[in-house]
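Here is the structure we will look at.
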Amino acid sequence: MAVSIEDVEHVAKLARLHLTGEEKETIRRQLSDVLEHARVISEVDTSGVPPTSHALPLVNVYREDEARPSLDPDEVVSNAAWAVEHSFKVPRIL
Amino acid sequence: MGFETVIGLEIHAELATESKMFCGCSTDFGGEPNSRTCPVCLGHPGVLPVANREAVASTILLGLALRCAVTPRSVFHRKNYFYPDMPKNFQISQYDVPLTSGGTLSMDMEGYTREVGITRVHLEEDTGKSIHIGESGRIHGADFSLEDFNRAGIPLAEIVTEPDMRSPEEARVFMQLLRATLEYLGISDCKMEEGSLRCDANISVSVDGRPGTKVEIKNMNSFRSLFRALSFEEERQRTELGLGHEVVQETRHWDDAAGVTHPLRSKEEAFDYRYFPEPDLVPIEPDLEWVEELRGRLPELPRARRNRFEAEYGLPGEISAMLTGEKALADYFEEAVASGQDPVALAKWIAGDLVALLNEAVVPIQACPVHPRGLGELVALVAQRIISGKMAKDVLREAFETGKGPERIVREKGLAQIEDEGELEAVVDRVIEENPDAASDMREGKEQALKFLMGRVMKATRGKANPELATSLIRKKLSP
Ligand SMILES: [Zn+2]
């Protein structure tokens, strides 16, 4: 399955990646190879096999609804590149 | 041209659990920024979310109340996007297999019933709060934003309706009924102003049965703004179509102060959230026993209660709808009914004067200074003609302001009506003597003189004369 340059540009944009023309072509080829591999796998007859969204045979794992102590807000922002008092400060959004 | 408005809603309700959806942080409103965060809700590497059982139960309960089917196996998905209100860069939500789906909510409109299809009710986590700092104070043009993740990870039920509403009024009634349903279930605080209940809408206008173009409206923070925004948008689209223009498919923002919607800057890239199953959370397979236990917990819901109030107590539809629109108000009414007084009279006092007093003082019914029993006393005092209806209004206000019972107020202030015929006759005689002109007008059959004389009697008795008795005495003495 061939991936187009437009597909690469779209995915790159969603992932906030800036690619050069050369990189786009390399990634286009690599992604096409990955999808080709998936196509081969999809040839296996899986009718009657439920889709595997999870590798473990576990369901219904819950915690009880009990509030527990949170972190100290000083600690929360201690690694932040930019903070104002206890809020994270981020560059303008739009 | 035959226009028809088509509206669908998407509602988010924060669930009133003690702790967040996937970690133990408290869900209390307010608090210092980031004081209710931990490595899980801050999205630190290597942490494992674990689902809150109560949040799952609340969502299933809501689905059942909306007559949805519970999905035998549902999973969480990651919804990927870059926006600083989610530290993980994704929100845990549900995608193709929501917890519940395919329900209905019936609502009683004036003269007809509207069935609104419920597409799905699913569970997700709330995002953090951004405060945009800059000259304009709005997102556009902000210099930077401050992020508080106290809200990030609070469980959120998302309710999506079918496009089954046909007017802004239906959308408002739906929203109120849904709010009441959440309140009856006791699973959400339902405070639109505080953002624990939020609503977006899709609205289109079809022309002669041809489907119109859907426009999404955001930022409606009250029932009133929902109604106003949709009314504005309905009119705007009709005008465009009437002029032969196309309606553009877009997202518009409601500006409550200006009373208009305007387009949000459109994204060059269509949204692509690249949903995929959340590998850190195992699937949910609610066992039948649990679902049945939850079904057994369903209380009497607002519409059923409304119908019962009409059938059992003979309440008029409008008053019944108003009382049952808020669980605490309906509870108050039923407690007052236990006093044995006339339910219709009690309902009218609650829906009229009492609610007005509560609104005026900005006091919720739960904190009403007048006990339901006290309201029963008031209705009894009027029924036994100890006080007039007009005096009862003042007594209720005094009871509201002082917390004293109506019987005590009447006793302490000597407000009891003059019921004694001899006592009242003396007053009437004196009034006739002092107002000979009015008296002779009355004898000549001029009815307006009666009003004047009654006024004098009321003044002389400081409003305590039994009005019917005083009227009949005046008529008897001054009959033409
Ligand atoms: Zn947390």
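Residues in the structure tokens are numbered from 1 in each chain, the chains being A, B, ... in the order shown, and ligands are numbered from 1 in the order shown.
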
If we count only C-alpha atoms, which residues of chain B reach to within 9 Å of chain A? Please list them as a short mmCIF file (atom, residue, chain, number, x, y, z; two decimals) with all heavy atoms, in the first residue's frame.
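Here's the written file out.cif:
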```
data_model
loop_
_atom_site.label_atom_id
_atom_site.label_comp_id
_atom_site.auth_asym_id
_atom_site.auth_seq_id
_atom_site.Cartn_x
_atom_site.Cartn_y
_atom_site.Cartn_z
N THR B 17 -18.00 12.21 41.83
CA THR B 17 -17.28 11.19 42.60
C THR B 17 -16.36 11.88 43.59
O THR B 17 -16.12 13.07 43.50
CB THR B 17 -16.44 10.30 41.66
OG1 THR B 17 -15.68 11.15 40.80
CG2 THR B 17 -17.33 9.40 40.81
N GLU B 18 -15.83 11.12 44.53
CA GLU B 18 -14.88 11.66 45.49
C GLU B 18 -13.53 11.91 44.83
O GLU B 18 -12.85 12.89 45.09
CB GLU B 18 -14.66 10.66 46.64
CG GLU B 18 -15.86 10.46 47.56
CD GLU B 18 -16.16 11.71 48.35
OE1 GLU B 18 -15.20 12.33 48.86
OE2 GLU B 18 -17.35 12.09 48.42
N SER B 19 -13.14 10.93 43.99
CA SER B 19 -11.80 10.98 43.40
C SER B 19 -11.91 11.02 41.88
O SER B 19 -12.96 10.78 41.31
CB SER B 19 -11.00 9.75 43.84
OG SER B 19 -11.61 8.57 43.37
N LYS B 20 -10.79 11.32 41.24
CA LYS B 20 -10.77 11.46 39.78
C LYS B 20 -11.00 10.12 39.07
O LYS B 20 -11.10 9.08 39.71
CB LYS B 20 -9.44 12.08 39.35
CG LYS B 20 -9.31 13.56 39.72
CD LYS B 20 -8.05 14.17 39.12
CE LYS B 20 -7.94 15.66 39.47
NZ LYS B 20 -6.70 16.27 38.90
N MET B 21 -11.08 10.17 37.76
CA MET B 21 -11.42 8.99 36.96
C MET B 21 -10.35 7.91 37.04
O MET B 21 -10.66 6.72 37.13
CB MET B 21 -11.62 9.45 35.49
CG MET B 21 -12.08 8.37 34.56
SD MET B 21 -13.67 7.67 35.03
CE MET B 21 -13.32 5.94 34.88
N PHE B 22 -9.07 8.30 36.98
CA PHE B 22 -8.02 7.28 36.89
C PHE B 22 -6.96 7.39 37.98
O PHE B 22 -5.94 6.73 37.92
CB PHE B 22 -7.35 7.35 35.51
CG PHE B 22 -8.32 7.10 34.38
CD1 PHE B 22 -8.62 8.12 33.48
CD2 PHE B 22 -8.93 5.86 34.21
CE1 PHE B 22 -9.51 7.90 32.43
CE2 PHE B 22 -9.82 5.64 33.18
CZ PHE B 22 -10.12 6.66 32.29
N CYS B 23 -7.18 8.29 38.96
CA CYS B 23 -6.22 8.41 40.06
C CYS B 23 -6.98 8.82 41.32
O CYS B 23 -8.18 9.09 41.27
CB CYS B 23 -5.13 9.43 39.73
SG CYS B 23 -5.75 11.10 39.54
N GLY B 24 -6.29 8.93 42.44
CA GLY B 24 -6.96 9.20 43.71
C GLY B 24 -7.09 10.67 44.06
O GLY B 24 -7.52 11.00 45.16
N CYS B 25 -6.73 11.57 43.15
CA CYS B 25 -6.83 12.99 43.48
C CYS B 25 -8.29 13.38 43.73
O CYS B 25 -9.19 12.87 43.09
CB CYS B 25 -6.26 13.85 42.36
SG CYS B 25 -4.48 13.69 42.20
N SER B 26 -8.47 14.33 44.65
CA SER B 26 -9.81 14.78 45.00
C SER B 26 -10.44 15.57 43.85
O SER B 26 -9.75 16.22 43.07
CB SER B 26 -9.72 15.65 46.26
OG SER B 26 -10.88 16.43 46.39
N THR B 27 -11.77 15.52 43.79
CA THR B 27 -12.49 16.23 42.71
C THR B 27 -13.10 17.55 43.20
O THR B 27 -13.86 18.17 42.47
CB THR B 27 -13.64 15.36 42.17
OG1 THR B 27 -14.47 15.02 43.28
CG2 THR B 27 -13.14 14.12 41.50
N GLU B 32 -6.22 25.72 45.29
CA GLU B 32 -5.07 26.35 44.65
C GLU B 32 -4.68 25.61 43.38
O GLU B 32 -4.82 24.38 43.32
CB GLU B 32 -3.91 26.32 45.65
CG GLU B 32 -2.89 27.39 45.39
CD GLU B 32 -1.60 27.11 46.11
OE1 GLU B 32 -1.67 26.49 47.19
OE2 GLU B 32 -0.56 27.49 45.59
N PRO B 33 -4.22 26.32 42.33
CA PRO B 33 -3.87 25.64 41.08
C PRO B 33 -2.92 24.46 41.32
O PRO B 33 -1.97 24.58 42.10
CB PRO B 33 -3.17 26.74 40.26
CG PRO B 33 -3.79 28.00 40.74
CD PRO B 33 -4.09 27.79 42.20
N ASN B 34 -3.23 23.36 40.68
CA ASN B 34 -2.41 22.15 40.70
C ASN B 34 -2.21 21.54 42.09
O ASN B 34 -1.27 20.78 42.30
CB ASN B 34 -1.05 22.41 40.03
CG ASN B 34 -1.25 22.65 38.54
OD1 ASN B 34 -1.88 21.84 37.86
ND2 ASN B 34 -0.74 23.77 38.04
N SER B 35 -3.11 21.88 43.03
CA SER B 35 -3.01 21.27 44.35
C SER B 35 -3.71 19.91 44.38
O SER B 35 -3.61 19.18 45.36
CB SER B 35 -3.61 22.19 45.42
OG SER B 35 -4.97 22.45 45.11
N ARG B 36 -4.45 19.57 43.33
CA ARG B 36 -5.12 18.26 43.26
C ARG B 36 -4.61 17.51 42.03
O ARG B 36 -5.38 17.20 41.12
CB ARG B 36 -6.63 18.44 43.21
CG ARG B 36 -7.14 18.82 44.58
CD ARG B 36 -8.48 19.44 44.60
NE ARG B 36 -8.65 20.10 45.89
CZ ARG B 36 -9.37 21.16 46.08
NH1 ARG B 36 -10.01 21.70 45.07
NH2 ARG B 36 -9.46 21.70 47.27
N THR B 37 -3.31 17.33 42.00
CA THR B 37 -2.71 16.61 40.87
C THR B 37 -1.69 15.61 41.39
O THR B 37 -1.21 15.73 42.52
CB THR B 37 -2.00 17.59 39.91
OG1 THR B 37 -0.99 18.30 40.62
CG2 THR B 37 -2.97 18.58 39.30
N CYS B 38 -1.40 14.62 40.55
CA CYS B 38 -0.44 13.58 40.91
C CYS B 38 0.22 13.10 39.62
O CYS B 38 -0.18 13.51 38.54
CB CYS B 38 -1.15 12.43 41.64
SG CYS B 38 -2.18 11.43 40.54
N PRO B 39 1.19 12.24 39.70
CA PRO B 39 1.85 11.79 38.47
C PRO B 39 0.88 11.23 37.42
O PRO B 39 1.11 11.39 36.22
CB PRO B 39 2.81 10.72 38.97
CG PRO B 39 3.15 11.17 40.37
CD PRO B 39 1.86 11.74 40.91
N LEU B 42 -1.09 14.14 35.82
CA LEU B 42 -0.16 15.05 35.17
C LEU B 42 0.53 14.39 33.98
O LEU B 42 1.33 15.01 33.29
CB LEU B 42 0.92 15.52 36.17
CG LEU B 42 0.46 16.50 37.26
CD1 LEU B 42 1.53 16.66 38.31
CD2 LEU B 42 0.08 17.84 36.65
N VAL B 50 -6.04 3.65 36.61
CA VAL B 50 -6.97 2.57 36.96
C VAL B 50 -8.36 3.19 37.08
O VAL B 50 -8.53 4.21 37.74
CB VAL B 50 -6.57 1.90 38.31
CG1 VAL B 50 -7.49 0.70 38.57
CG2 VAL B 50 -5.12 1.46 38.29
N ALA B 51 -9.35 2.56 36.42
CA ALA B 51 -10.70 3.15 36.34
C ALA B 51 -11.40 3.18 37.70
O ALA B 51 -11.31 2.24 38.49
CB ALA B 51 -11.54 2.38 35.34
N ASN B 52 -12.11 4.25 37.93
CA ASN B 52 -12.89 4.47 39.15
C ASN B 52 -14.23 3.72 39.00
O ASN B 52 -15.03 4.03 38.13
CB ASN B 52 -13.11 5.98 39.30
CG ASN B 52 -13.87 6.38 40.54
OD1 ASN B 52 -14.66 5.61 41.08
ND2 ASN B 52 -13.65 7.61 40.98
N ARG B 53 -14.46 2.74 39.87
CA ARG B 53 -15.65 1.90 39.73
C ARG B 53 -16.95 2.73 39.82
O ARG B 53 -17.90 2.50 39.08
CB ARG B 53 -15.68 0.83 40.83
CG ARG B 53 -16.88 -0.12 40.73
CD ARG B 53 -17.12 -0.86 42.04
NE ARG B 53 -15.98 -1.65 42.43
CZ ARG B 53 -15.78 -2.91 42.02
NH1 ARG B 53 -16.65 -3.50 41.25
NH2 ARG B 53 -14.71 -3.57 42.42
N GLU B 54 -16.94 3.71 40.73
CA GLU B 54 -18.13 4.52 40.95
C GLU B 54 -18.49 5.33 39.70
O GLU B 54 -19.67 5.51 39.37
CB GLU B 54 -17.90 5.45 42.15
CG GLU B 54 -19.12 6.15 42.67
CD GLU B 54 -20.23 5.22 43.11
OE1 GLU B 54 -19.94 4.08 43.54
OE2 GLU B 54 -21.41 5.63 42.98
N ALA B 55 -17.46 5.82 38.99
CA ALA B 55 -17.72 6.61 37.78
C ALA B 55 -18.34 5.73 36.70
O ALA B 55 -19.24 6.16 35.97
CB ALA B 55 -16.42 7.23 37.28
N ARG B 73 -19.21 -5.29 26.11
CA ARG B 73 -17.76 -5.11 26.26
C ARG B 73 -17.39 -3.77 25.66
O ARG B 73 -17.56 -3.56 24.45
CB ARG B 73 -17.02 -6.24 25.52
CG ARG B 73 -15.49 -6.11 25.56
CD ARG B 73 -14.86 -7.21 24.70
NE ARG B 73 -13.45 -7.01 24.47
CZ ARG B 73 -12.49 -7.60 25.19
NH1 ARG B 73 -12.79 -8.41 26.17
NH2 ARG B 73 -11.22 -7.38 24.90
N VAL B 75 -14.47 -0.40 25.55
CA VAL B 75 -13.06 -0.07 25.83
C VAL B 75 -12.85 1.44 25.82
O VAL B 75 -13.66 2.19 25.28
CB VAL B 75 -12.10 -0.72 24.79
CG1 VAL B 75 -12.19 -2.22 24.83
CG2 VAL B 75 -12.38 -0.20 23.39
N TYR B 81 -4.50 14.89 20.71
CA TYR B 81 -4.45 16.26 20.21
C TYR B 81 -3.43 17.07 20.99
O TYR B 81 -3.07 16.71 22.11
CB TYR B 81 -5.83 16.92 20.27
CG TYR B 81 -6.40 17.11 21.66
CD1 TYR B 81 -6.18 18.28 22.36
CD2 TYR B 81 -7.15 16.10 22.26
CE1 TYR B 81 -6.71 18.46 23.64
CE2 TYR B 81 -7.67 16.28 23.54
CZ TYR B 81 -7.45 17.45 24.22
OH TYR B 81 -7.96 17.63 25.48
N PHE B 82 -2.96 18.14 20.37
CA PHE B 82 -1.99 18.99 21.03
C PHE B 82 -2.68 20.24 21.53
O PHE B 82 -3.10 21.09 20.75
CB PHE B 82 -0.87 19.40 20.06
CG PHE B 82 0.04 18.27 19.73
CD1 PHE B 82 -0.22 17.43 18.65
CD2 PHE B 82 1.15 18.01 20.51
CE1 PHE B 82 0.62 16.38 18.35
CE2 PHE B 82 2.00 16.95 20.22
CZ PHE B 82 1.72 16.13 19.13
N TYR B 83 -2.85 20.29 22.82
CA TYR B 83 -3.47 21.46 23.41
C TYR B 83 -3.03 21.39 24.87
O TYR B 83 -3.06 20.33 25.47
CB TYR B 83 -5.00 21.36 23.29
CG TYR B 83 -5.69 22.70 23.40
CD1 TYR B 83 -5.69 23.59 22.32
CD2 TYR B 83 -6.34 23.07 24.57
CE1 TYR B 83 -6.32 24.82 22.42
CE2 TYR B 83 -6.97 24.29 24.66
CZ TYR B 83 -6.96 25.17 23.60
OH TYR B 83 -7.57 26.39 23.70
N PRO B 84 -2.57 22.50 25.43
CA PRO B 84 -1.93 22.39 26.76
C PRO B 84 -2.87 22.03 27.90
O PRO B 84 -2.40 21.83 29.01
CB PRO B 84 -1.29 23.77 26.95
CG PRO B 84 -2.01 24.67 26.03
CD PRO B 84 -2.50 23.85 24.89
N HIS B 132 -6.15 32.41 29.88
CA HIS B 132 -5.37 33.09 28.84
C HIS B 132 -5.06 34.50 29.29
O HIS B 132 -5.95 35.28 29.60
CB HIS B 132 -6.14 33.09 27.53
CG HIS B 132 -6.58 31.71 27.14
ND1 HIS B 132 -5.69 30.74 26.75
CD2 HIS B 132 -7.79 31.12 27.14
CE1 HIS B 132 -6.33 29.62 26.50
NE2 HIS B 132 -7.63 29.82 26.74
N ILE B 133 -3.77 34.80 29.33
CA ILE B 133 -3.35 36.11 29.82
C ILE B 133 -2.85 36.94 28.63
O ILE B 133 -1.99 36.51 27.87
CB ILE B 133 -2.19 35.98 30.83
CG1 ILE B 133 -2.55 34.99 31.92
CG2 ILE B 133 -1.83 37.35 31.40
CD1 ILE B 133 -3.58 35.43 32.90
N GLY B 134 -3.40 38.10 28.49
CA GLY B 134 -2.97 38.98 27.41
C GLY B 134 -3.83 40.20 27.42
O GLY B 134 -4.73 40.33 28.25
N ILE B 139 -8.83 34.06 23.97
CA ILE B 139 -7.82 33.13 23.47
C ILE B 139 -7.01 33.78 22.35
O ILE B 139 -5.79 33.77 22.35
CB ILE B 139 -8.47 31.84 22.93
CG1 ILE B 139 -9.23 31.15 24.06
CG2 ILE B 139 -7.40 30.90 22.37
CD1 ILE B 139 -9.86 29.85 23.66
N HIS B 140 -7.74 34.38 21.41
CA HIS B 140 -7.05 35.05 20.31
C HIS B 140 -6.33 36.25 20.85
O HIS B 140 -6.91 37.09 21.53
CB HIS B 140 -8.05 35.47 19.23
CG HIS B 140 -8.68 34.30 18.54
ND1 HIS B 140 -8.01 33.52 17.65
CD2 HIS B 140 -9.91 33.76 18.68
CE1 HIS B 140 -8.80 32.56 17.24
NE2 HIS B 140 -9.96 32.67 17.85
N GLY B 141 -5.05 36.34 20.59
CA GLY B 141 -4.30 37.51 21.03
C GLY B 141 -3.74 37.38 22.42
O GLY B 141 -3.12 38.31 22.92
N ALA B 142 -3.96 36.21 23.10
CA ALA B 142 -3.37 36.05 24.42
C ALA B 142 -1.86 35.89 24.28
O ALA B 142 -1.38 35.29 23.31
CB ALA B 142 -3.97 34.83 25.12
N ASP B 143 -1.11 36.42 25.22
CA ASP B 143 0.35 36.31 25.14
C ASP B 143 0.82 34.95 25.65
O ASP B 143 1.71 34.33 25.10
CB ASP B 143 1.01 37.42 25.96
CG ASP B 143 0.64 38.79 25.42
OD1 ASP B 143 0.54 38.91 24.18
OD2 ASP B 143 0.41 39.72 26.21
N PHE B 144 0.18 34.51 26.72
CA PHE B 144 0.50 33.18 27.24
C PHE B 144 -0.68 32.66 28.05
O PHE B 144 -1.65 33.41 28.28
CB PHE B 144 1.78 33.20 28.10
CG PHE B 144 1.72 34.14 29.26
CD1 PHE B 144 1.23 33.71 30.49
CD2 PHE B 144 2.17 35.46 29.15
CE1 PHE B 144 1.17 34.56 31.58
CE2 PHE B 144 2.12 36.32 30.24
CZ PHE B 144 1.62 35.88 31.46
N SER B 145 -0.63 31.39 28.42
CA SER B 145 -1.72 30.80 29.18
C SER B 145 -1.18 30.16 30.45
O SER B 145 -0.05 29.68 30.46
CB SER B 145 -2.43 29.73 28.36
OG SER B 145 -2.88 30.26 27.14
N LEU B 146 -2.01 30.15 31.48
CA LEU B 146 -1.66 29.48 32.72
C LEU B 146 -2.51 28.21 32.82
O LEU B 146 -3.71 28.25 32.60
CB LEU B 146 -1.94 30.39 33.92
CG LEU B 146 -1.14 31.69 33.98
CD1 LEU B 146 -1.54 32.51 35.20
CD2 LEU B 146 0.36 31.39 34.01
N GLU B 147 -1.84 27.10 33.13
CA GLU B 147 -2.54 25.82 33.14
C GLU B 147 -2.68 25.29 34.57
O GLU B 147 -1.72 25.20 35.31
CB GLU B 147 -1.76 24.79 32.32
CG GLU B 147 -1.61 25.17 30.85
CD GLU B 147 -2.94 25.32 30.12
OE1 GLU B 147 -3.89 24.57 30.47
OE2 GLU B 147 -3.03 26.17 29.22
N ASP B 148 -3.95 24.95 34.90
CA ASP B 148 -4.26 24.37 36.21
C ASP B 148 -4.91 23.01 35.93
O ASP B 148 -5.95 22.93 35.28
CB ASP B 148 -5.23 25.32 36.93
CG ASP B 148 -5.81 24.71 38.20
OD1 ASP B 148 -5.33 23.63 38.62
OD2 ASP B 148 -6.74 25.32 38.78
N PHE B 149 -4.28 21.95 36.41
CA PHE B 149 -4.77 20.60 36.10
C PHE B 149 -5.63 19.99 37.20
O PHE B 149 -5.84 18.78 37.23
CB PHE B 149 -3.58 19.68 35.77
CG PHE B 149 -2.84 20.13 34.54
CD1 PHE B 149 -1.50 20.52 34.61
CD2 PHE B 149 -3.49 20.21 33.32
CE1 PHE B 149 -0.83 20.96 33.48
CE2 PHE B 149 -2.83 20.66 32.18
CZ PHE B 149 -1.50 21.04 32.26
N GLU B 269 -6.46 22.18 9.00
CA GLU B 269 -6.50 20.73 8.96
C GLU B 269 -7.78 20.25 9.64
O GLU B 269 -8.09 20.73 10.72
CB GLU B 269 -5.29 20.20 9.74
CG GLU B 269 -4.80 18.88 9.27
CD GLU B 269 -3.81 19.04 8.12
OE1 GLU B 269 -3.38 20.17 7.84
OE2 GLU B 269 -3.51 18.02 7.51
N ASP B 272 -8.32 15.38 13.33
CA ASP B 272 -7.98 13.98 13.17
C ASP B 272 -7.38 13.55 14.49
O ASP B 272 -6.22 13.84 14.77
CB ASP B 272 -6.97 13.81 12.02
CG ASP B 272 -6.64 12.35 11.77
OD1 ASP B 272 -6.98 11.51 12.64
OD2 ASP B 272 -6.05 12.06 10.74
N TYR B 273 -8.21 12.93 15.33
CA TYR B 273 -7.77 12.62 16.69
C TYR B 273 -7.00 11.31 16.79
O TYR B 273 -6.53 10.97 17.84
CB TYR B 273 -8.98 12.60 17.63
CG TYR B 273 -9.62 13.95 17.81
CD1 TYR B 273 -10.96 14.16 17.52
CD2 TYR B 273 -8.88 15.02 18.29
CE1 TYR B 273 -11.55 15.40 17.70
CE2 TYR B 273 -9.46 16.27 18.47
CZ TYR B 273 -10.79 16.45 18.18
OH TYR B 273 -11.37 17.68 18.37
N PHE B 276 -7.05 5.49 19.26
CA PHE B 276 -6.69 4.07 19.30
C PHE B 276 -6.95 3.55 20.69
O PHE B 276 -7.00 4.34 21.65
CB PHE B 276 -5.23 3.85 18.85
CG PHE B 276 -4.19 4.46 19.72
CD1 PHE B 276 -3.70 3.78 20.84
CD2 PHE B 276 -3.66 5.71 19.42
CE1 PHE B 276 -2.72 4.35 21.65
CE2 PHE B 276 -2.68 6.27 20.22
CZ PHE B 276 -2.21 5.59 21.34
N PRO B 277 -7.16 2.24 20.83
CA PRO B 277 -7.51 1.70 22.15
C PRO B 277 -6.44 2.03 23.18
O PRO B 277 -5.26 1.90 22.90
CB PRO B 277 -7.59 0.19 21.91
CG PRO B 277 -7.80 0.05 20.44
CD PRO B 277 -7.10 1.21 19.79
N GLU B 278 -6.87 2.47 24.35
CA GLU B 278 -5.95 2.80 25.44
C GLU B 278 -5.36 1.51 25.98
O GLU B 278 -6.07 0.70 26.60
CB GLU B 278 -6.75 3.55 26.52
CG GLU B 278 -6.08 3.66 27.88
CD GLU B 278 -4.75 4.40 27.86
OE1 GLU B 278 -4.75 5.64 28.01
OE2 GLU B 278 -3.72 3.71 27.71
N PRO B 279 -4.05 1.29 25.74
CA PRO B 279 -3.48 -0.01 26.13
C PRO B 279 -3.33 -0.18 27.64
O PRO B 279 -3.20 -1.31 28.12
CB PRO B 279 -2.10 0.00 25.44
CG PRO B 279 -1.80 1.43 25.16
CD PRO B 279 -3.08 2.17 25.07
N ASP B 280 -3.37 0.94 28.39
CA ASP B 280 -3.16 0.85 29.84
C ASP B 280 -4.44 0.52 30.61
O ASP B 280 -4.39 0.36 31.83
CB ASP B 280 -2.59 2.17 30.37
CG ASP B 280 -1.14 2.38 29.93
OD1 ASP B 280 -0.50 1.38 29.52
OD2 ASP B 280 -0.67 3.53 29.98
N LEU B 281 -5.58 0.49 29.92
CA LEU B 281 -6.83 0.21 30.62
C LEU B 281 -7.50 -1.00 29.99
O LEU B 281 -7.67 -1.07 28.78
CB LEU B 281 -7.77 1.42 30.52
CG LEU B 281 -7.37 2.64 31.35
CD1 LEU B 281 -8.07 3.89 30.83
CD2 LEU B 281 -7.70 2.42 32.82
N VAL B 282 -7.88 -1.93 30.83
CA VAL B 282 -8.49 -3.16 30.30
C VAL B 282 -9.96 -2.90 29.96
O VAL B 282 -10.57 -1.95 30.46
CB VAL B 282 -8.35 -4.34 31.29
CG1 VAL B 282 -6.89 -4.60 31.59
CG2 VAL B 282 -9.14 -4.08 32.56
N PRO B 283 -10.55 -3.73 29.11
CA PRO B 283 -11.96 -3.54 28.72
C PRO B 283 -12.92 -3.65 29.91
O PRO B 283 -12.59 -4.24 30.94
CB PRO B 283 -12.21 -4.66 27.72
CG PRO B 283 -10.87 -5.03 27.22
CD PRO B 283 -9.93 -4.83 28.37
N ILE B 284 -14.09 -3.07 29.70
CA ILE B 284 -15.14 -3.14 30.72
C ILE B 284 -16.21 -4.10 30.23
O ILE B 284 -16.76 -3.93 29.14
CB ILE B 284 -15.74 -1.74 30.96
CG1 ILE B 284 -14.69 -0.80 31.54
CG2 ILE B 284 -16.96 -1.83 31.88
CD1 ILE B 284 -15.16 0.63 31.71
N GLU B 285 -16.49 -5.11 31.01
CA GLU B 285 -17.57 -6.05 30.68
C GLU B 285 -18.51 -6.09 31.88
O GLU B 285 -18.37 -6.95 32.74
CB GLU B 285 -17.00 -7.45 30.38
CG GLU B 285 -16.18 -7.51 29.11
CD GLU B 285 -15.72 -8.93 28.77
OE1 GLU B 285 -16.08 -9.88 29.51
OE2 GLU B 285 -15.00 -9.07 27.76
N PRO B 286 -19.47 -5.17 31.93
CA PRO B 286 -20.34 -5.11 33.11
C PRO B 286 -21.15 -6.40 33.21
O PRO B 286 -21.82 -6.77 32.25
CB PRO B 286 -21.25 -3.92 32.82
CG PRO B 286 -20.66 -3.21 31.65
CD PRO B 286 -19.87 -4.23 30.89
#
```

Which of chain A end up as helix (DSSP H, G or I) when DSSP is run on this backbone - answer as an MDAnalysis selection string?
chainID A and resid 5:14 21:41 73:76

Return the single residue from A:Val44, A:Asp33, A:Asn79, A:Ala12 that is closest to His44 of chain B, with distances computed using only C-alpha atoms.
A:Asn79

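The protein and nucleic acid residues lying at most 7 Å from Phe3 of chain B are Val205, Ser206, Val207 and Asp208 of chain B, with only C-alpha atoms considered and sequence neighbours fewer than 5 positions away removed.
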
Would you compute the distance between atom CA of Thr324 of chain B and atom CA of Ile159 of chain B? Give it in Å to one decimal.
21.7 Å

One decimal place gives the atom CA of Ala426 of chain B-atom CA of Leu381 of chain B separation as 24.7 Å
